[in-house]
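Beneath this line is the structure, given in structure tokens, with notes to follow.
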Amino acid sequence: MKAGSNLEKVLAAGHFAVTAECGPPRGADAEIVRKKAAFVKGNVDACNVTDNQTSVVRMSSLAGCLLVKECGTEPLIQMVVRDRNRIALQSDLLGASAMGVKNLLCLSGDHQKFGEDPQAKNVFDIDSIQLIHMVKTMRDEGIFPSGKKLEGEPKFYIGCAVNPFADPYEIRVPRFKLKVDAGADFVQTQCIYNMAKFKQYMEDAKKMGLHDRVKILAGVTPLKSAGMAKFMKKFVAGMDIPDDVIKRIADEPKEKQAAKGIEMCVEQIQELKEIEGVAGVHVMAIEWEEKLGKIVGDAGLLPRPHVD
Amino acid sequence: MITGTPKPIDEILAMLEPYKRIVVAGCFGCVTVCRVGGEKEVQVLSSSLRLAREAKDNKLEIKEVCLERQCDPEYLEALRPYAEDYDAVLSIACGAGIQFVAEKFQKTPVLPGINTGFLGVTERQGEWAERCQGCGDCVLHLTGGICPVSRCAKSLFHGPCGGSAKGICEVSPDVACGWQLIIDRLKALNQLENYGKLIPYKGWSTSRDGGPRRIIREDMTL
């Protein structure tokens, strides 16, 4: 065991893992996190807490993680390199570990121009791959990147994200390999809608043996409506939603589109389970956490296993 | 070259409010090439300022000067006869030039007439684009001659990020993905094997982050 997190144990025992995410609120109201955490509890092996996603200021990921943990779910802290230099990153990693957070997702972060503070200075002192390397060094060698010894290593199960649908495709798997080489233990993918392309990506990743080196959690996001699908296709960079997926939900009357979106998501999870090398699913029910139990349940993934 | 853009005329007029006699100082260096601070721009700006002040019945006397360079002490001497005689100097050189004028003539207020931009190239007539951030530790030999620090919006060393789509960066449809350019060029050079290696954390101490920088060449100092 590298970190001994529940997520790590579930995956090591060969179970098909389930993670989800909670976006912290745009304010200091802890009740909002607790409410979301209640929807997640019992339905996942660990729950991501996002780090100022889309560069919109929110309650900090670490505070969100502690609230989720208090509510009885294992947190997974997301950390972006957009807002913090290596000094702040190391410090926050130590703090998160000290407070019992055992899972980490290393990300670049959306550019600040997408948020409400486009005038902010961006940091990008190190990139997400170098962050993976930094955490691994701290965890496994017990030293800071400077070489100085740590008083207690941060024990993280280290994750990374990949987007099989961004360009250029030819370096997508090599870039994934870089993250594995840097020290990632697991990966959560961008939301998948184009299953054909994802299967191709998995084939290419398997050729490099990456599925044997890291646990691959396939990302899904249930569509609430045809409008949401069209919006994401048009405005979210690197999002690949095939026309037939949009047509399927658009063909439903408006009031039935949400139910269709959930049905499609469940079908997709079942299809993903059958793909060799896919070790779990990461369900990003964006501002729709209340549907998580239904999605995971309908996909036949409940109850979640207890592994000691 | 160092590029720049003219400051809005109203902003300049507001700066000049307290003054009656000024020098408008151009530079024959970079700002002449990017058409923002050369001899012609000195003339055009001076005329606009005179007209604007005349219209308000508040005449402005202007001495027009263009120096060989404002970033070299020897050429700044050409300003001496005026700089100390006039109320202020409005420089339309880059930020380095403006500051060097201010350093040289301690008792004369020196005002910026342009906004200094970046180290760039002329991509086509009237269009300049950034190429270098002067980070002080060049890696262009590894990245196909295209800089990840200046051409990637996130200065990633292992790009491209998930926001790269059809060669375009997520920050704007007008910005090319620097890493797509790097990959394309490495492919053309048959050097794609350069991609896929872990690059150590960049040392930023040679960049702005190490504080104001200085280069001392022992072989050239007197």
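Labels used: A, B, ... for chains in the order of the structure tokens, numbers from 1 for residues in each chain, and numbers from 1 for ligands as shown.
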
Name all residues at most 10 Å from Met99 of chain A (count only C-alpha atoms; drop same-chain ones fewer than 3 positions away) and give them as number ranges by chain.
-> A: 62, 65-66, 69, 93-96, 102

Write out the residues from the selection above, keeping C-alpha atoms, as a short mmCIF file (atom, residue, chain, number, x, y, z; two decimals), in the first residue's frame.
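Output contents, as saved in again_14.cif:
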data_model
loop_
_atom_site.label_atom_id
_atom_site.label_comp_id
_atom_site.auth_asym_id
_atom_site.auth_seq_id
_atom_site.Cartn_x
_atom_site.Cartn_y
_atom_site.Cartn_z
CA LEU A 62 -8.84 21.24 1.43
CA CYS A 65 -12.28 17.63 1.81
CA LEU A 66 -12.36 17.95 5.58
CA LYS A 69 -14.50 13.45 5.56
CA LEU A 93 0.12 18.85 0.50
CA LEU A 94 1.64 18.51 3.95
CA GLY A 95 -1.41 20.12 5.53
CA ALA A 96 -3.86 17.92 3.63
CA LYS A 102 -5.09 10.28 1.44
#

Per residue of chain B within 8 Å of chain A, which atom pair is closest and at what distance in Å (one decimal), using only C-alpha atoms, listed by chain and increasing number, as a Markdown table?
| residue | atom | partner | partner_atom | distance |
| --- | --- | --- | --- | --- |
| B:Ala153 | CA | A:His111 | CA | 7.7 |
| B:Lys154 | CA | A:Phe124 | CA | 6.1 |
| B:Ser155 | CA | A:Phe124 | CA | 6.6 |
| B:Leu156 | CA | A:Asp127 | CA | 5.6 |
| B:Phe157 | CA | A:Asp127 | CA | 6.6 |
| B:His158 | CA | A:Ile129 | CA | 7.0 |
| B:Gly159 | CA | A:Arg175 | CA | 7.9 |
| B:Pro160 | CA | A:Asp167 | CA | 7.9 |
| B:Cys161 | CA | A:Ser108 | CA | 7.6 |
| B:Gly162 | CA | A:Ala166 | CA | 5.3 |
| B:Gly163 | CA | A:Ala237 | CA | 5.0 |
| B:Ser164 | CA | A:Asp167 | CA | 5.5 |
| B:Ala165 | CA | A:Asp167 | CA | 5.2 |
| B:Lys166 | CA | A:Asp167 | CA | 6.0 |
| B:Gly167 | CA | A:Asp167 | CA | 7.0 |
| B:Glu170 | CA | A:Ala237 | CA | 6.0 |
| B:Val171 | CA | A:Lys113 | CA | 6.7 |
| B:Gln180 | CA | A:Pro168 | CA | 6.6 |
| B:Gly196 | CA | A:Leu178 | CA | 6.0 |
| B:Lys197 | CA | A:Leu178 | CA | 7.1 |
| B:Leu198 | CA | A:Leu178 | CA | 6.8 |
| B:Ile199 | CA | A:Gln130 | CA | 7.9 |
| B:Pro200 | CA | A:Gln130 | CA | 7.3 |
| B:Tyr201 | CA | A:Ile126 | CA | 6.0 |
| B:Lys202 | CA | A:Ile126 | CA | 7.1 |
| B:Trp204 | CA | A:Asp125 | CA | 7.9 |

Got a sec: who's within 6 Å of segment 24-38 of chain B, counting only C-alpha atoms, leaving out chain neighbours fewer than 4 positions off, as an MDAnalysis selection string?
-> chainID B and resid 1:2 42 64:69 89:93

Go ahead and dump the residues you just picked, all heavy atoms, as a JSON list (two decimals), in the first residue's frame.
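Writing the result to out.json gives the following:
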[["chain", "number", "residue", "atom", "x", "y", "z"],
["B", 1, "MET", "N", 12.23, 41.97, -31.41],
["B", 1, "MET", "CA", 12.24, 43.37, -30.95],
["B", 1, "MET", "C", 11.30, 43.52, -29.76],
["B", 1, "MET", "O", 10.44, 42.68, -29.52],
["B", 1, "MET", "CB", 11.79, 44.27, -32.11],
["B", 1, "MET", "CG", 10.28, 44.44, -32.19],
["B", 1, "MET", "SD", 9.71, 45.19, -33.70],
["B", 1, "MET", "CE", 9.44, 43.73, -34.71],
["B", 2, "ILE", "N", 11.46, 44.67, -29.08],
["B", 2, "ILE", "CA", 10.51, 45.01, -28.02],
["B", 2, "ILE", "C", 9.35, 45.73, -28.68],
["B", 2, "ILE", "O", 9.54, 46.69, -29.42],
["B", 2, "ILE", "CB", 11.17, 45.90, -26.96],
["B", 2, "ILE", "CG1", 12.31, 45.16, -26.28],
["B", 2, "ILE", "CG2", 10.14, 46.36, -25.92],
["B", 2, "ILE", "CD1", 13.15, 46.02, -25.35],
["B", 42, "VAL", "N", 6.73, 60.51, -33.39],
["B", 42, "VAL", "CA", 6.98, 61.73, -32.59],
["B", 42, "VAL", "C", 6.23, 62.90, -33.22],
["B", 42, "VAL", "O", 5.53, 63.66, -32.54],
["B", 42, "VAL", "CB", 8.49, 62.04, -32.50],
["B", 42, "VAL", "CG1", 8.73, 63.45, -31.94],
["B", 42, "VAL", "CG2", 9.21, 61.01, -31.65],
["B", 64, "GLU", "N", 10.47, 68.37, -30.49],
["B", 64, "GLU", "CA", 10.46, 67.00, -31.01],
["B", 64, "GLU", "C", 11.90, 66.49, -31.16],
["B", 64, "GLU", "O", 12.72, 67.15, -31.79],
["B", 64, "GLU", "CB", 9.75, 66.95, -32.37],
["B", 64, "GLU", "CG", 8.30, 67.38, -32.28],
["B", 64, "GLU", "CD", 7.63, 67.44, -33.66],
["B", 64, "GLU", "OE1", 8.16, 66.83, -34.61],
["B", 64, "GLU", "OE2", 6.57, 68.08, -33.76],
["B", 65, "VAL", "N", 12.16, 65.32, -30.59],
["B", 65, "VAL", "CA", 13.51, 64.73, -30.67],
["B", 65, "VAL", "C", 13.38, 63.24, -30.93],
["B", 65, "VAL", "O", 12.44, 62.60, -30.45],
["B", 65, "VAL", "CB", 14.26, 64.90, -29.32],
["B", 65, "VAL", "CG1", 15.71, 64.41, -29.44],
["B", 65, "VAL", "CG2", 14.25, 66.33, -28.85],
["B", 66, "CYS", "N", 14.30, 62.69, -31.71],
["B", 66, "CYS", "CA", 14.34, 61.22, -31.81],
["B", 66, "CYS", "C", 15.79, 60.77, -31.62],
["B", 66, "CYS", "O", 16.69, 61.20, -32.35],
["B", 66, "CYS", "CB", 13.79, 60.75, -33.16],
["B", 66, "CYS", "SG", 13.34, 59.00, -33.13],
["B", 67, "LEU", "N", 15.99, 59.92, -30.60],
["B", 67, "LEU", "CA", 17.35, 59.49, -30.27],
["B", 67, "LEU", "C", 17.69, 58.19, -31.01],
["B", 67, "LEU", "O", 16.81, 57.40, -31.32],
["B", 67, "LEU", "CB", 17.48, 59.23, -28.77],
["B", 67, "LEU", "CG", 17.09, 60.36, -27.82],
["B", 67, "LEU", "CD1", 17.43, 59.99, -26.39],
["B", 67, "LEU", "CD2", 17.79, 61.66, -28.20],
["B", 68, "GLU", "N", 18.98, 58.01, -31.22],
["B", 68, "GLU", "CA", 19.43, 56.76, -31.86],
["B", 68, "GLU", "C", 18.89, 55.57, -31.05],
["B", 68, "GLU", "O", 18.33, 54.65, -31.58],
["B", 68, "GLU", "CB", 20.97, 56.75, -31.89],
["B", 68, "GLU", "CG", 21.56, 55.71, -32.79],
["B", 68, "GLU", "CD", 21.12, 55.85, -34.25],
["B", 68, "GLU", "OE1", 20.94, 56.98, -34.71],
["B", 68, "GLU", "OE2", 20.93, 54.80, -34.91],
["B", 69, "ARG", "N", 19.12, 55.63, -29.74],
["B", 69, "ARG", "CA", 18.54, 54.64, -28.80],
["B", 69, "ARG", "C", 18.37, 55.33, -27.46],
["B", 69, "ARG", "O", 19.21, 56.13, -27.06],
["B", 69, "ARG", "CB", 19.46, 53.43, -28.63],
["B", 69, "ARG", "CG", 19.43, 52.45, -29.77],
["B", 69, "ARG", "CD", 20.00, 51.09, -29.34],
["B", 69, "ARG", "NE", 21.43, 51.14, -29.06],
["B", 69, "ARG", "CZ", 22.38, 51.06, -29.98],
["B", 69, "ARG", "NH1", 22.06, 50.95, -31.25],
["B", 69, "ARG", "NH2", 23.64, 51.07, -29.63],
["B", 89, "VAL", "N", 9.61, 65.34, -20.02],
["B", 89, "VAL", "CA", 9.90, 64.58, -21.24],
["B", 89, "VAL", "C", 8.82, 63.51, -21.38],
["B", 89, "VAL", "O", 8.55, 62.76, -20.44],
["B", 89, "VAL", "CB", 11.29, 63.89, -21.18],
["B", 89, "VAL", "CG1", 11.49, 63.00, -22.40],
["B", 89, "VAL", "CG2", 12.41, 64.92, -21.07],
["B", 90, "LEU", "N", 8.18, 63.49, -22.55],
["B", 90, "LEU", "CA", 7.24, 62.40, -22.86],
["B", 90, "LEU", "C", 8.00, 61.45, -23.78],
["B", 90, "LEU", "O", 8.30, 61.80, -24.92],
["B", 90, "LEU", "CB", 6.00, 62.95, -23.56],
["B", 90, "LEU", "CG", 4.98, 61.91, -24.02],
["B", 90, "LEU", "CD1", 4.29, 61.27, -22.82],
["B", 90, "LEU", "CD2", 3.93, 62.53, -24.95],
["B", 91, "SER", "N", 8.35, 60.27, -23.26],
["B", 91, "SER", "CA", 9.13, 59.33, -24.07],
["B", 91, "SER", "C", 8.20, 58.30, -24.69],
["B", 91, "SER", "O", 7.30, 57.77, -24.03],
["B", 91, "SER", "CB", 10.16, 58.62, -23.19],
["B", 91, "SER", "OG", 10.68, 57.51, -23.89],
["B", 92, "ILE", "N", 8.43, 58.04, -25.98],
["B", 92, "ILE", "CA", 7.65, 56.97, -26.62],
["B", 92, "ILE", "C", 8.57, 55.81, -27.02],
["B", 92, "ILE", "O", 8.35, 55.10, -27.97],
["B", 92, "ILE", "CB", 6.79, 57.48, -27.79],
["B", 92, "ILE", "CG1", 7.60, 58.26, -28.82],
["B", 92, "ILE", "CG2", 5.63, 58.32, -27.27],
["B", 92, "ILE", "CD1", 6.79, 58.62, -30.08],
["B", 93, "ALA", "N", 9.64, 55.65, -26.21],
["B", 93, "ALA", "CA", 10.48, 54.45, -26.33],
["B", 93, "ALA", "C", 9.87, 53.37, -25.44],
["B", 93, "ALA", "O", 8.83, 53.60, -24.80],
["B", 93, "ALA", "CB", 11.90, 54.76, -25.87]]

Among listed residues A:Gly159, A:Gly297, A:Gly72, A:Gly147, nearest Phe186 of chain A (using only C-alpha atoms) |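 Counting only C-alpha atoms, the residue closest to Phe186 of chain A is A:Gly159.
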
By how many Å are atom CA of Phe198 of chain A and atom CA of Asp212 of chain A apart?
-> 17.5 Å

Test item, helix (DSSP H, G or I) assignment across segment 33-93 of chain A, answer as number ranges by chain | A: 33-40, 53-55, 61-70, 86-93

Given the selection you just returned, output its residues as a file containing N, CA and C atoms, formatted as a PDB file, in the first residue's frame.
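Produced file selection_3.pdb, reproduced below:
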ATOM      1  N   VAL A  33     -21.828  21.921   1.510  1.00  0.00           N
ATOM      2  CA  VAL A  33     -20.933  20.768   1.309  1.00  0.00           C
ATOM      3  C   VAL A  33     -21.525  19.540   2.006  1.00  0.00           C
ATOM      4  N   ARG A  34     -22.004  19.739   3.223  1.00  0.00           N
ATOM      5  CA  ARG A  34     -22.552  18.603   3.968  1.00  0.00           C
ATOM      6  C   ARG A  34     -23.735  17.986   3.230  1.00  0.00           C
ATOM      7  N   LYS A  35     -24.543  18.849   2.623  1.00  0.00           N
ATOM      8  CA  LYS A  35     -25.712  18.361   1.879  1.00  0.00           C
ATOM      9  C   LYS A  35     -25.267  17.509   0.679  1.00  0.00           C
ATOM     10  N   LYS A  36     -24.268  18.006  -0.042  1.00  0.00           N
ATOM     11  CA  LYS A  36     -23.753  17.243  -1.190  1.00  0.00           C
ATOM     12  C   LYS A  36     -23.111  15.945  -0.716  1.00  0.00           C
ATOM     13  N   ALA A  37     -22.371  16.043   0.392  1.00  0.00           N
ATOM     14  CA  ALA A  37     -21.679  14.856   0.909  1.00  0.00           C
ATOM     15  C   ALA A  37     -22.679  13.770   1.293  1.00  0.00           C
ATOM     16  N   ALA A  38     -23.875  14.186   1.745  1.00  0.00           N
ATOM     17  CA  ALA A  38     -24.896  13.202   2.125  1.00  0.00           C
ATOM     18  C   ALA A  38     -25.361  12.406   0.903  1.00  0.00           C
ATOM     19  N   PHE A  39     -25.397  13.056  -0.258  1.00  0.00           N
ATOM     20  CA  PHE A  39     -25.810  12.351  -1.492  1.00  0.00           C
ATOM     21  C   PHE A  39     -24.746  11.346  -1.939  1.00  0.00           C
ATOM     22  N   VAL A  40     -23.519  11.640  -1.575  1.00  0.00           N
ATOM     23  CA  VAL A  40     -22.384  10.837  -2.033  1.00  0.00           C
ATOM     24  C   VAL A  40     -22.157   9.632  -1.118  1.00  0.00           C
ATOM     25  N   GLN A  53     -12.598  25.095  -9.777  1.00  0.00           N
ATOM     26  CA  GLN A  53     -12.766  24.660 -11.173  1.00  0.00           C
ATOM     27  C   GLN A  53     -13.293  25.808 -12.031  1.00  0.00           C
ATOM     28  N   THR A  54     -12.912  25.768 -13.288  1.00  0.00           N
ATOM     29  CA  THR A  54     -13.159  26.828 -14.280  1.00  0.00           C
ATOM     30  C   THR A  54     -12.694  28.205 -13.768  1.00  0.00           C
ATOM     31  N   SER A  55     -11.747  28.175 -12.845  1.00  0.00           N
ATOM     32  CA  SER A  55     -11.148  29.416 -12.319  1.00  0.00           C
ATOM     33  C   SER A  55     -12.159  30.329 -11.623  1.00  0.00           C
ATOM     34  N   SER A  61     -10.440  23.572  -1.691  1.00  0.00           N
ATOM     35  CA  SER A  61     -10.562  22.130  -1.845  1.00  0.00           C
ATOM     36  C   SER A  61     -10.235  21.417  -0.526  1.00  0.00           C
ATOM     37  N   LEU A  62      -9.223  21.902   0.177  1.00  0.00           N
ATOM     38  CA  LEU A  62      -8.836  21.241   1.429  1.00  0.00           C
ATOM     39  C   LEU A  62      -9.956  21.342   2.466  1.00  0.00           C
ATOM     40  N   ALA A  63     -10.548  22.535   2.594  1.00  0.00           N
ATOM     41  CA  ALA A  63     -11.652  22.696   3.551  1.00  0.00           C
ATOM     42  C   ALA A  63     -12.813  21.795   3.146  1.00  0.00           C
ATOM     43  N   GLY A  64     -13.101  21.751   1.845  1.00  0.00           N
ATOM     44  CA  GLY A  64     -14.179  20.886   1.348  1.00  0.00           C
ATOM     45  C   GLY A  64     -13.907  19.428   1.674  1.00  0.00           C
ATOM     46  N   CYS A  65     -12.654  19.018   1.516  1.00  0.00           N
ATOM     47  CA  CYS A  65     -12.275  17.630   1.807  1.00  0.00           C
ATOM     48  C   CYS A  65     -12.532  17.295   3.277  1.00  0.00           C
ATOM     49  N   LEU A  66     -12.185  18.213   4.151  1.00  0.00           N
ATOM     50  CA  LEU A  66     -12.356  17.947   5.585  1.00  0.00           C
ATOM     51  C   LEU A  66     -13.837  17.813   5.930  1.00  0.00           C
ATOM     52  N   LEU A  67     -14.673  18.636   5.281  1.00  0.00           N
ATOM     53  CA  LEU A  67     -16.117  18.545   5.522  1.00  0.00           C
ATOM     54  C   LEU A  67     -16.676  17.219   5.003  1.00  0.00           C
ATOM     55  N   VAL A  68     -16.212  16.820   3.827  1.00  0.00           N
ATOM     56  CA  VAL A  68     -16.662  15.546   3.247  1.00  0.00           C
ATOM     57  C   VAL A  68     -16.242  14.391   4.160  1.00  0.00           C
ATOM     58  N   LYS A  69     -15.028  14.491   4.666  1.00  0.00           N
ATOM     59  CA  LYS A  69     -14.500  13.445   5.555  1.00  0.00           C
ATOM     60  C   LYS A  69     -15.338  13.365   6.836  1.00  0.00           C
ATOM     61  N   GLU A  70     -15.636  14.515   7.405  1.00  0.00           N
ATOM     62  CA  GLU A  70     -16.482  14.574   8.608  1.00  0.00           C
ATOM     63  C   GLU A  70     -17.816  13.873   8.386  1.00  0.00           C
ATOM     64  N   ARG A  86       5.492  26.327  -6.095  1.00  0.00           N
ATOM     65  CA  ARG A  86       5.907  25.053  -5.484  1.00  0.00           C
ATOM     66  C   ARG A  86       5.950  25.147  -3.957  1.00  0.00           C
ATOM     67  N   ILE A  87       6.168  26.331  -3.433  1.00  0.00           N
ATOM     68  CA  ILE A  87       6.206  26.483  -1.973  1.00  0.00           C
ATOM     69  C   ILE A  87       4.815  26.235  -1.395  1.00  0.00           C
ATOM     70  N   ALA A  88       3.813  26.887  -1.986  1.00  0.00           N
ATOM     71  CA  ALA A  88       2.436  26.735  -1.508  1.00  0.00           C
ATOM     72  C   ALA A  88       1.923  25.314  -1.760  1.00  0.00           C
ATOM     73  N   LEU A  89       2.291  24.734  -2.897  1.00  0.00           N
ATOM     74  CA  LEU A  89       1.833  23.373  -3.206  1.00  0.00           C
ATOM     75  C   LEU A  89       2.350  22.389  -2.158  1.00  0.00           C
ATOM     76  N   GLN A  90       3.643  22.469  -1.874  1.00  0.00           N
ATOM     77  CA  GLN A  90       4.219  21.547  -0.891  1.00  0.00           C
ATOM     78  C   GLN A  90       3.559  21.730   0.470  1.00  0.00           C
ATOM     79  N   SER A  91       3.376  22.975   0.844  1.00  0.00           N
ATOM     80  CA  SER A  91       2.790  23.278   2.143  1.00  0.00           C
ATOM     81  C   SER A  91       1.370  22.733   2.249  1.00  0.00           C
ATOM     82  N   ASP A  92       0.576  22.947   1.207  1.00  0.00           N
ATOM     83  CA  ASP A  92      -0.807  22.456   1.235  1.00  0.00           C
ATOM     84  C   ASP A  92      -0.866  20.927   1.215  1.00  0.00           C
ATOM     85  N   LEU A  93       0.071  20.317   0.521  1.00  0.00           N
ATOM     86  CA  LEU A  93       0.124  18.850   0.504  1.00  0.00           C
ATOM     87  C   LEU A  93       0.387  18.318   1.912  1.00  0.00           C
TER      88      LEU A  93
END

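Backbone DSSP assigns strand (DSSP E or B) in segment 67-174 of chain B to B:Leu67, B:Ala88, B:Val89, B:Leu90, B:Ser91, B:Val110, B:Leu111, B:Pro112, B:Ile114, B:Asn115, B:Thr116, B:Gly117, B:Phe118, B:Leu119, B:Gly120, B:Val121, B:Thr122, B:Glu123, B:Arg124, B:Glu127, B:Trp128, B:Ala129, B:Glu130, B:Arg131, B:Cys132, B:Ala165, B:Ile168.
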
Segment 269-274 of chain A: which residues within 8 Å, counting only C-alpha atoms, same-chain residues fewer than 3 positions away excluded, as a compact mmCIF listing (two decimals) with all heavy atoms, in the first residue's frame?
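Just written: part-v1.txt:
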# COMPACT_ATOMS: atom_id res chain seq x y z
N PHE A 16 -14.41 -3.03 -8.94
CA PHE A 16 -14.63 -1.94 -9.89
C PHE A 16 -14.96 -0.71 -9.06
O PHE A 16 -16.00 -0.64 -8.39
CB PHE A 16 -15.78 -2.31 -10.84
CG PHE A 16 -15.90 -1.39 -12.02
CD1 PHE A 16 -15.05 -1.53 -13.12
CD2 PHE A 16 -16.87 -0.39 -12.05
CE1 PHE A 16 -15.17 -0.67 -14.21
CE2 PHE A 16 -16.99 0.47 -13.15
CZ PHE A 16 -16.14 0.32 -14.23
N ALA A 218 -12.72 5.57 -15.63
CA ALA A 218 -13.31 6.25 -16.78
C ALA A 218 -14.29 7.32 -16.29
O ALA A 218 -15.14 7.05 -15.45
CB ALA A 218 -14.01 5.24 -17.67
N VAL A 220 -17.44 9.87 -16.44
CA VAL A 220 -18.74 10.06 -17.10
C VAL A 220 -19.47 11.23 -16.44
O VAL A 220 -19.31 11.48 -15.25
CB VAL A 220 -19.64 8.80 -17.04
CG1 VAL A 220 -19.07 7.67 -17.88
CG2 VAL A 220 -19.86 8.33 -15.60
N CYS A 265 -26.26 7.34 -19.13
CA CYS A 265 -25.06 7.29 -18.29
C CYS A 265 -24.88 5.89 -17.70
O CYS A 265 -23.78 5.35 -17.67
CB CYS A 265 -25.17 8.35 -17.20
SG CYS A 265 -23.70 8.51 -16.20
N VAL A 266 -26.00 5.31 -17.24
CA VAL A 266 -25.96 3.96 -16.65
C VAL A 266 -25.51 2.94 -17.70
O VAL A 266 -24.64 2.11 -17.46
CB VAL A 266 -27.35 3.59 -16.06
CG1 VAL A 266 -27.40 2.12 -15.69
CG2 VAL A 266 -27.66 4.47 -14.86
N VAL A 278 -10.18 -1.01 -17.74
CA VAL A 278 -10.94 0.02 -17.02
C VAL A 278 -11.22 -0.52 -15.62
O VAL A 278 -11.91 -1.52 -15.45
CB VAL A 278 -12.24 0.41 -17.75
CG1 VAL A 278 -13.08 1.37 -16.90
CG2 VAL A 278 -11.92 1.04 -19.10
N ALA A 279 -10.67 0.17 -14.61
CA ALA A 279 -10.73 -0.36 -13.24
C ALA A 279 -11.83 0.29 -12.40
O ALA A 279 -12.05 -0.10 -11.26
CB ALA A 279 -9.38 -0.14 -12.56
N GLY A 280 -12.48 1.28 -12.98
CA GLY A 280 -13.52 1.95 -12.21
C GLY A 280 -14.11 3.09 -13.00
O GLY A 280 -13.73 3.33 -14.16
N VAL A 281 -15.03 3.79 -12.33
CA VAL A 281 -15.70 4.88 -13.02
C VAL A 281 -15.71 6.11 -12.11
O VAL A 281 -15.80 6.00 -10.89
CB VAL A 281 -17.12 4.42 -13.46
CG1 VAL A 281 -18.03 4.21 -12.26
CG2 VAL A 281 -17.74 5.37 -14.44
N ALA A 299 -26.49 1.08 -12.14
CA ALA A 299 -25.37 0.46 -12.86
C ALA A 299 -24.91 -0.83 -12.16
O ALA A 299 -23.97 -1.49 -12.61
CB ALA A 299 -24.21 1.44 -12.96

Closest to Ile182 of chain B among B:Thr5, B:Thr143, B:Arg131, B:Arg214, using only C-alpha atoms?
->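 Of B:Thr5, B:Thr143, B:Arg131, B:Arg214, the one nearest Ile182 of chain B is B:Thr143, counting only C-alpha atoms.
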
Among the residues A:Ala46, A:Val10, A:Ile158, A:Leu292, the one that comes closest to Met79 of chain A [using only C-alpha atoms] =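 The shortest atom-to-atom distance to Met79 of chain A comes from A:Ile158.
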
Grab the atom CA of Lys59 of chain B to atom CA of Ile98 of chain B distance for me, in Å with one decimal place.
->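 Separation of atom CA of Lys59 of chain B and atom CA of Ile98 of chain B: 24.6 Å.
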
Tell me which protein, DNA and RNA residues are within 12 Å of Gln191 of chain B, counting only C-alpha atoms, leaving out same-chain ones fewer than 2 positions away, and put them as a VMD selection string.
-> chain B and resid 141 to 145 182 to 189 193 to 196

Go ahead and write the selection's residues with N, CA, C and O atoms as a CSV table (one decimal), in the first residue's frame.
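Here's the written file selection-v7.csv:
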chain,number,residue,atom,x,y,z
B,141,HIS,N,16.2,24.1,-28.2
B,141,HIS,CA,16.8,23.0,-28.8
B,141,HIS,C,16.0,21.7,-28.5
B,141,HIS,O,16.0,20.7,-29.3
B,142,LEU,N,15.2,21.7,-27.4
B,142,LEU,CA,14.4,20.5,-27.1
B,142,LEU,C,13.0,20.5,-27.6
B,142,LEU,O,12.3,19.5,-27.7
B,143,THR,N,12.5,21.7,-28.0
B,143,THR,CA,11.1,21.9,-28.3
B,143,THR,C,10.9,22.4,-29.7
B,143,THR,O,10.0,23.1,-30.0
B,144,GLY,N,11.8,21.9,-30.6
B,144,GLY,CA,11.6,22.2,-32.0
B,144,GLY,C,11.7,23.7,-32.4
B,144,GLY,O,11.1,24.1,-33.3
B,145,GLY,N,12.4,24.5,-31.5
B,145,GLY,CA,12.5,25.9,-31.8
B,145,GLY,C,11.3,26.7,-31.5
B,145,GLY,O,11.2,27.9,-31.9
B,182,ILE,N,4.7,22.8,-31.3
B,182,ILE,CA,5.9,22.0,-31.0
B,182,ILE,C,5.9,20.6,-31.5
B,182,ILE,O,6.8,20.1,-32.1
B,183,ILE,N,4.7,19.9,-31.3
B,183,ILE,CA,4.6,18.6,-31.8
B,183,ILE,C,4.7,18.5,-33.3
B,183,ILE,O,5.4,17.7,-33.8
B,184,ASP,N,4.0,19.4,-34.0
B,184,ASP,CA,4.1,19.4,-35.5
B,184,ASP,C,5.5,19.6,-35.9
B,184,ASP,O,6.0,19.0,-36.9
B,185,ARG,N,6.2,20.5,-35.3
B,185,ARG,CA,7.6,20.8,-35.7
B,185,ARG,C,8.6,19.7,-35.4
B,185,ARG,O,9.4,19.3,-36.2
B,186,LEU,N,8.4,19.1,-34.2
B,186,LEU,CA,9.2,17.9,-33.8
B,186,LEU,C,9.0,16.8,-34.9
B,186,LEU,O,10.0,16.1,-35.3
B,187,LYS,N,7.7,16.6,-35.3
B,187,LYS,CA,7.4,15.6,-36.3
B,187,LYS,C,8.2,15.9,-37.6
B,187,LYS,O,8.8,15.0,-38.2
B,188,ALA,N,8.1,17.1,-38.0
B,188,ALA,CA,8.7,17.5,-39.3
B,188,ALA,C,10.2,17.3,-39.2
B,188,ALA,O,10.8,17.0,-40.2
B,189,LEU,N,10.8,17.5,-38.0
B,189,LEU,CA,12.2,17.3,-37.8
B,189,LEU,C,12.6,15.9,-37.5
B,189,LEU,O,13.8,15.6,-37.3
B,193,GLU,N,10.9,11.9,-30.7
B,193,GLU,CA,11.4,11.2,-29.5
B,193,GLU,C,11.7,12.2,-28.4
B,193,GLU,O,11.8,11.8,-27.2
B,194,ASN,N,11.9,13.4,-28.7
B,194,ASN,CA,12.2,14.4,-27.7
B,194,ASN,C,11.0,14.6,-26.7
B,194,ASN,O,11.1,15.0,-25.6
B,195,TYR,N,9.8,14.2,-27.3
B,195,TYR,CA,8.6,14.3,-26.4
B,195,TYR,C,8.5,13.0,-25.6
B,195,TYR,O,8.8,11.9,-26.2
B,196,GLY,N,8.1,13.1,-24.4
B,196,GLY,CA,8.0,11.9,-23.6
B,196,GLY,C,9.1,11.7,-22.6
B,196,GLY,O,9.1,10.7,-21.9
